[in-house]
Structure formats: structure tokens, C-alpha cells
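Student: The structure is given below, and queries will be raised subsequently.
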Amino acid sequence: MKINENFLKLESSYLFSTVAKKQKEYQEKHPDKEVIRLSIGDVTKPLVPAVISAMHKAVDEMADESTFRGYPPEHGYDFILNAIQKNDYANLGIDIKTDEIFLSDGAKSDCGNIGDIFSVDNKVAICDPVYPVYLDTNVMNGRTDIIYLPCTAENGFMPQIPKDEIPDVIYLCFPNNPTGVTVSRKQLKEWVDFALKNNSLILYDAAYKAFIVDDSPKSIYEIDGAKKCAIEFCSFSKTAGFTGVRCGYTVVPKELVFNGQSLNPFWARRQATKFNGVSYITQRAAEAVYSEDGKKQTEDVIKYYQRNAKVIYDTLTNEGFKCFGAVNSPYVWMQTPNGMSSWEFFDDLLDNCQVVGTPGSGFGKSGEGYLRLTAFGNYEKTVEAVERIKSVYGKDK
């Protein structure tokens, strides 16, 4: 038996696992001190009433032989696929068919698994900094030809179209994790045009689209031609608090044709082979997100987190920190003070303020000198956390 030696090329620990370990070790040494976590992008508000009601009803159905359900349809029940099609695409004037939508246990899984249908010889472009799963899963699959697209303050944290190399696969994430910036229609059209011209594929992560408050595109398919060059990943995790319930979906248009083959049946075959579908209870819960009550209730939760983001951004900016994001995103991307590295500031912040963030360098080389703070916490604790930071690092200190 031989191991997959590509795993030896990875960091020994996943970024968020390292952050959690450091927090745990600190708390074991200082049990009397309360640590406020503004690190991992995990929601804290409970599932909304419309979702809970739908789940209870579905559980009762599973307890009755006449309404019990076993294996779900491979790619999702019609009721949830129709709800997604109507609310997330038809309402935007986008023509996506239900057999182009594939329900899953979350965008993270699909972002990592999508590489199964691509050759290992593909040249892959990844933003820097960005969500670690994109890079790590390509390394696991043996892809070594990686193009990094630096996203810095100088270019507005916006990836620039490569001039010297043509990537086969391009990962884009907007609103971006971790920087919090989003993309304009003009900028996204430039990427779509580039992909169409060069026969490249865009993998578009729209997990945070519910946080968009301006006219930025919520789907890449709002751009003409995108159905011929883009796969889109979406999630109920941040939209409706499904981080612990697990549900998302991926759109693979039939118009995506490479080497004379449509990618749609490739992904359908992959999912049917390696995934047994999302539970009926979860699918009914996801459907309830699109009900009138569900929409209103989830919007209220999003507004709660947006208020947290504004508090973090406004307080830190007023204290002289350089901060980005927050407007269309639940994340604040802050520059570390006094020239500290990302991990130095992480440790300093934990020691002096008992506040945990996520080191920017963990998202890529260009993330060095930054820290990501999440707005997914409790409002009162979020206020307390930024007040602690202010008391130690504020402009009067």
C-alpha cells in the first residue's frame, strides 16, 4: 500500500484547527478569563422559526410508515430544486434548469470535490489570500501548476486577470472570504470574457451572496455568457444558519462544454457515485428558507450580523486601524498594528484582550499583516470584543 504523498505537501494542520487549538490551550492555562471568538465564520443565531417548524413536520413524517422516506433523489427533491430555481435564479431573470442544480451537504464539500471531474494537468488560478480549501484540495489531487493572484490594498483586494499565463481553472469568491470585498458587474464581465476567450472554467463561490446590499451581482450567471464558462457554488450555511445542519447546492449548466463534453453529466455521475444525497428533513428545512416567513426571518438574522460587522468596522476605523470589508460581507479585514505579523498579532490579541481572530497569512502569502474578524458572534460580545481591542491598541494608547 502506498500513501498519497500529495498530503505531505500540505500544512500539517488546517488553518481553523490551528486557531481552535491555540484558543483551547490558552483557556486551559487561564480558566478565569473569558475568551471572545471572532475567528471562525460559524453562525451563532439559532435556526429561524419557519425552518424549525418545517423540520419538526418532516421528523413527524419520518415517524409514519405512510410518509417515511429513505434514500433521497440523488441530486435533490423536486420541491427544493424548484424553490432554488425560482428564488435564486428566475427572480433574477436567469434561466437555470432544475437538472442543472445539485443539492449537497455544503459549498465547502463541493468546492473541494469539484476537482474530481478535472484533469490533474490543469493550470489553476487561485486568489491570494483566499479560503484555504481551494488550494489544499488541488494539492491533495496532485495539481502543482498553481497561479496565485495577489489581492492587496494596492489593487483593492481585487484579483487581476493574468497577462503572462492562461489558467485552465479559475477560483473566484465574491463577496470574498477573507477580505470582504465584492465584485462589480464590469469586473466580473471582464473575467467571464477572459474565460470565454481562453476556454477557461471559472469556479464561482457565492456562499456570502445574502450579505450583498448594493447592486453587485449575486450570481455570476447575471453576466452574459457565464453559463458557458462558470460553475457556481451556493450555501445555506451563512444565509440561513445551516452550518450545523449542512446544505448547499452547485449549479453546473449543460452549456459548459470542454473537449466536446458537457460537465453537467460528469458532475451528476460523480455525485451519484460518491454522495447519497441530503436528508429529507434538511431539504424541507432548506425549502422553508424560501417561504414568506422564512425570507423575512432569515433577512432579520442577516441584518443582525451586518450590524455586528458595522460595529467592528466603525470602532476599529475610528481608532486608527485600516479596515476593509464589512459592507457586503460578514468579515472585517484589518491591518495588524505596529508592523506585527499576522500570527504575532493573533497571539498578542489573545494574551492582552482575550479576543480570537484568524491570521491573514493563513489565507495566503498576501494575507500577511492582516487579521480577519467575523461578525457572526453575539452582538453584545462583539461590542465587548472591539472595546477590549480599543482599550489596548486604540489611538490614545
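Please note that chains go A, B, ... in the order of the C-alpha cells, that every chain numbers its residues from 1, and that ligands are numbered from 1 in the order shown.
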Mind the document's chain letters and residue numbers, and return as a PyMOL selection string the residues of stretch 171-279 of chain A that DSSP labels strand (DSSP E).

Tutor: chain A and resi 171-173+201-205+230-235+248-251+257-258+261-262

Student: Which residues are near A:Gly70? Cut-off 9 Å, only C-alpha atoms, ignore same chain within fewer than 5 positions. Put them as JSON, numbers by chain.

Tutor: {"A": [62, 279, 280]}

Student: For the selection just defined, write its residues with N, CA and C atoms to a file, as a tab-separated table (two decimals), in the first residue's frame.

Tutor:
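Once everything was written out, this is selection-v9.tsv:
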```
chain	number	residue	atom	x	y	z
A	62	MET	N	-41.26	11.28	9.04
A	62	MET	CA	-40.32	10.16	9.07
A	62	MET	C	-40.72	9.12	10.11
A	279	SER	N	-30.45	14.76	3.54
A	279	SER	CA	-31.60	14.15	4.20
A	279	SER	C	-32.89	14.90	3.88
A	280	TYR	N	-33.99	14.17	3.89
A	280	TYR	CA	-35.31	14.76	3.64
A	280	TYR	C	-35.61	15.88	4.62
```

Student: Quick one: residues within 12 Å of A:Val35, only C-alpha atoms, excluding same-chain residues fewer than 4 positions away - as a PyMOL selection string?

Tutor: chain A and resi 20+22-31+39+349-357+381-382+384-385+388

Student: Please identify which residues in stretch 68-165 of chain A DSSP calls helix (DSSP H, G or I) from the backbone, and express them as a PyMOL selection string.

Tutor: chain A and resi 78-92+98-100+107-117+132-140+153-155

Student: Need to verify the contact set: A:Leu47, 7 Å, only C-alpha atoms, exclusion of same-chain residues closer than 4 positions in sequence. Can you return it as a list in words?

Tutor: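 Everything that qualifies: Val51, Ile52 and Gly241 of chain A.
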
Student: Compile the contact shell of stretch 285-298 of chain A as a ChimeraX atom specification: residues with an atom at most 12 Å away, counting only C-alpha atoms, same-chain residues fewer than 3 positions apart removed.

Tutor: /A:45-59,76-88,103-106,210-211,235-242,245-249,278-282,301-305

Student: Pick from A:Glu319, A:Asp348, A:Glu380, A:Glu100: nearest to A:Asp396, with only C-alpha atoms counted?

Tutor: A:Glu319

Student: Which is closer to A:Ile126 than all the others in A:Gly112, A:Gly320, A:Pro217, A:Pro150, using only C-alpha atoms?

Tutor: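 Answer, going by the shortest atom-to-atom distance: A:Pro150.
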
Student: Restricting the calculation to only C-alpha atoms, which member of A:Thr144, A:Ala309, A:Pro73, A:Lys2 is positioned closest to A:Asn276?

Tutor: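 Comparing A:Thr144, A:Ala309, A:Pro73, A:Lys2 against A:Asn276, the winner is A:Pro73.
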
Student: Quick one: pull the distance between atom CA of A:Glu11 and atom CA of A:Ser361, Å, one decimal.

Tutor: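 Result for atom CA of A:Glu11 versus atom CA of A:Ser361: 12.5 Å, one decimal.
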
Student: Give me the residues near A:Ile170 as number ranges by chain, where near means some atom within 6 Å (using only C-alpha atoms) and where sequence neighbours in that chain fewer than 5 positions away do not count.

Tutor: A: 124-125, 202-203

Student: Considering only C-alpha atoms, return as an NGL selection string whatever protein or nucleic-acid residues lie within 9 Å of stretch 314-318 of chain A, sequence-local ones (same chain, fewer than 3 positions apart) excluded.

Tutor: :A and (309-311 or 321-323 or 334 or 383 or 386-387 or 389-390 or 394-395)

Student: Those selected residues, please, written with N, CA, C and O atoms and delivered as a PDB file, in the first residue's frame.

Tutor:
```pdb
ATOM      1  N   ALA A 309     -20.923  43.568  11.977  1.00  0.00           N
ATOM      2  CA  ALA A 309     -19.822  43.945  11.085  1.00  0.00           C
ATOM      3  C   ALA A 309     -19.596  45.453  11.118  1.00  0.00           C
ATOM      4  O   ALA A 309     -18.448  45.929  11.131  1.00  0.00           O
ATOM      5  N   LYS A 310     -20.682  46.213  11.143  1.00  0.00           N
ATOM      6  CA  LYS A 310     -20.571  47.670  11.174  1.00  0.00           C
ATOM      7  C   LYS A 310     -19.929  48.146  12.478  1.00  0.00           C
ATOM      8  O   LYS A 310     -19.090  49.065  12.481  1.00  0.00           O
ATOM      9  N   VAL A 311     -20.295  47.528  13.583  1.00  0.00           N
ATOM     10  CA  VAL A 311     -19.709  47.894  14.880  1.00  0.00           C
ATOM     11  C   VAL A 311     -18.204  47.637  14.878  1.00  0.00           C
ATOM     12  O   VAL A 311     -17.418  48.484  15.329  1.00  0.00           O
ATOM     13  N   PHE A 321      -7.230  52.018  12.958  1.00  0.00           N
ATOM     14  CA  PHE A 321      -6.904  50.807  12.211  1.00  0.00           C
ATOM     15  C   PHE A 321      -7.344  50.953  10.753  1.00  0.00           C
ATOM     16  O   PHE A 321      -8.343  51.611  10.460  1.00  0.00           O
ATOM     17  N   LYS A 322      -6.599  50.332   9.861  1.00  0.00           N
ATOM     18  CA  LYS A 322      -7.013  50.257   8.470  1.00  0.00           C
ATOM     19  C   LYS A 322      -7.842  48.994   8.309  1.00  0.00           C
ATOM     20  O   LYS A 322      -7.347  47.882   8.514  1.00  0.00           O
ATOM     21  N   CYS A 323      -9.102  49.163   7.966  1.00  0.00           N
ATOM     22  CA  CYS A 323     -10.017  48.028   7.855  1.00  0.00           C
ATOM     23  C   CYS A 323     -10.711  48.017   6.494  1.00  0.00           C
ATOM     24  O   CYS A 323     -10.923  49.077   5.886  1.00  0.00           O
ATOM     25  N   MET A 334      -8.681  43.486   8.792  1.00  0.00           N
ATOM     26  CA  MET A 334      -7.966  44.586   9.447  1.00  0.00           C
ATOM     27  C   MET A 334      -6.460  44.411   9.339  1.00  0.00           C
ATOM     28  O   MET A 334      -5.931  43.304   9.423  1.00  0.00           O
ATOM     29  N   VAL A 383     -19.458  43.793  20.657  1.00  0.00           N
ATOM     30  CA  VAL A 383     -19.171  45.140  21.163  1.00  0.00           C
ATOM     31  C   VAL A 383     -18.087  45.080  22.227  1.00  0.00           C
ATOM     32  O   VAL A 383     -17.141  45.886  22.228  1.00  0.00           O
ATOM     33  N   VAL A 386     -14.538  44.475  20.621  1.00  0.00           N
ATOM     34  CA  VAL A 386     -13.895  45.632  19.987  1.00  0.00           C
ATOM     35  C   VAL A 386     -13.534  46.697  21.025  1.00  0.00           C
ATOM     36  O   VAL A 386     -12.548  47.433  20.852  1.00  0.00           O
ATOM     37  N   GLU A 387     -14.280  46.768  22.109  1.00  0.00           N
ATOM     38  CA  GLU A 387     -13.923  47.689  23.182  1.00  0.00           C
ATOM     39  C   GLU A 387     -12.632  47.243  23.861  1.00  0.00           C
ATOM     40  O   GLU A 387     -11.802  48.065  24.254  1.00  0.00           O
ATOM     41  N   ILE A 389     -10.228  45.596  22.331  1.00  0.00           N
ATOM     42  CA  ILE A 389      -9.167  45.936  21.367  1.00  0.00           C
ATOM     43  C   ILE A 389      -8.867  47.430  21.447  1.00  0.00           C
ATOM     44  O   ILE A 389      -7.699  47.850  21.451  1.00  0.00           O
ATOM     45  N   LYS A 390      -9.912  48.231  21.530  1.00  0.00           N
ATOM     46  CA  LYS A 390      -9.758  49.673  21.623  1.00  0.00           C
ATOM     47  C   LYS A 390      -8.961  50.062  22.861  1.00  0.00           C
ATOM     48  O   LYS A 390      -8.100  50.947  22.810  1.00  0.00           O
ATOM     49  N   GLY A 394      -5.973  51.198  20.950  1.00  0.00           N
ATOM     50  CA  GLY A 394      -6.588  52.420  20.444  1.00  0.00           C
ATOM     51  C   GLY A 394      -5.603  53.550  20.226  1.00  0.00           C
ATOM     52  O   GLY A 394      -4.470  53.531  20.723  1.00  0.00           O
ATOM     53  N   LYS A 395      -6.046  54.574  19.507  1.00  0.00           N
ATOM     54  CA  LYS A 395      -5.144  55.669  19.130  1.00  0.00           C
ATOM     55  C   LYS A 395      -4.634  56.470  20.313  1.00  0.00           C
ATOM     56  O   LYS A 395      -3.641  57.182  20.217  1.00  0.00           O
TER      57      LYS A 395
END
```
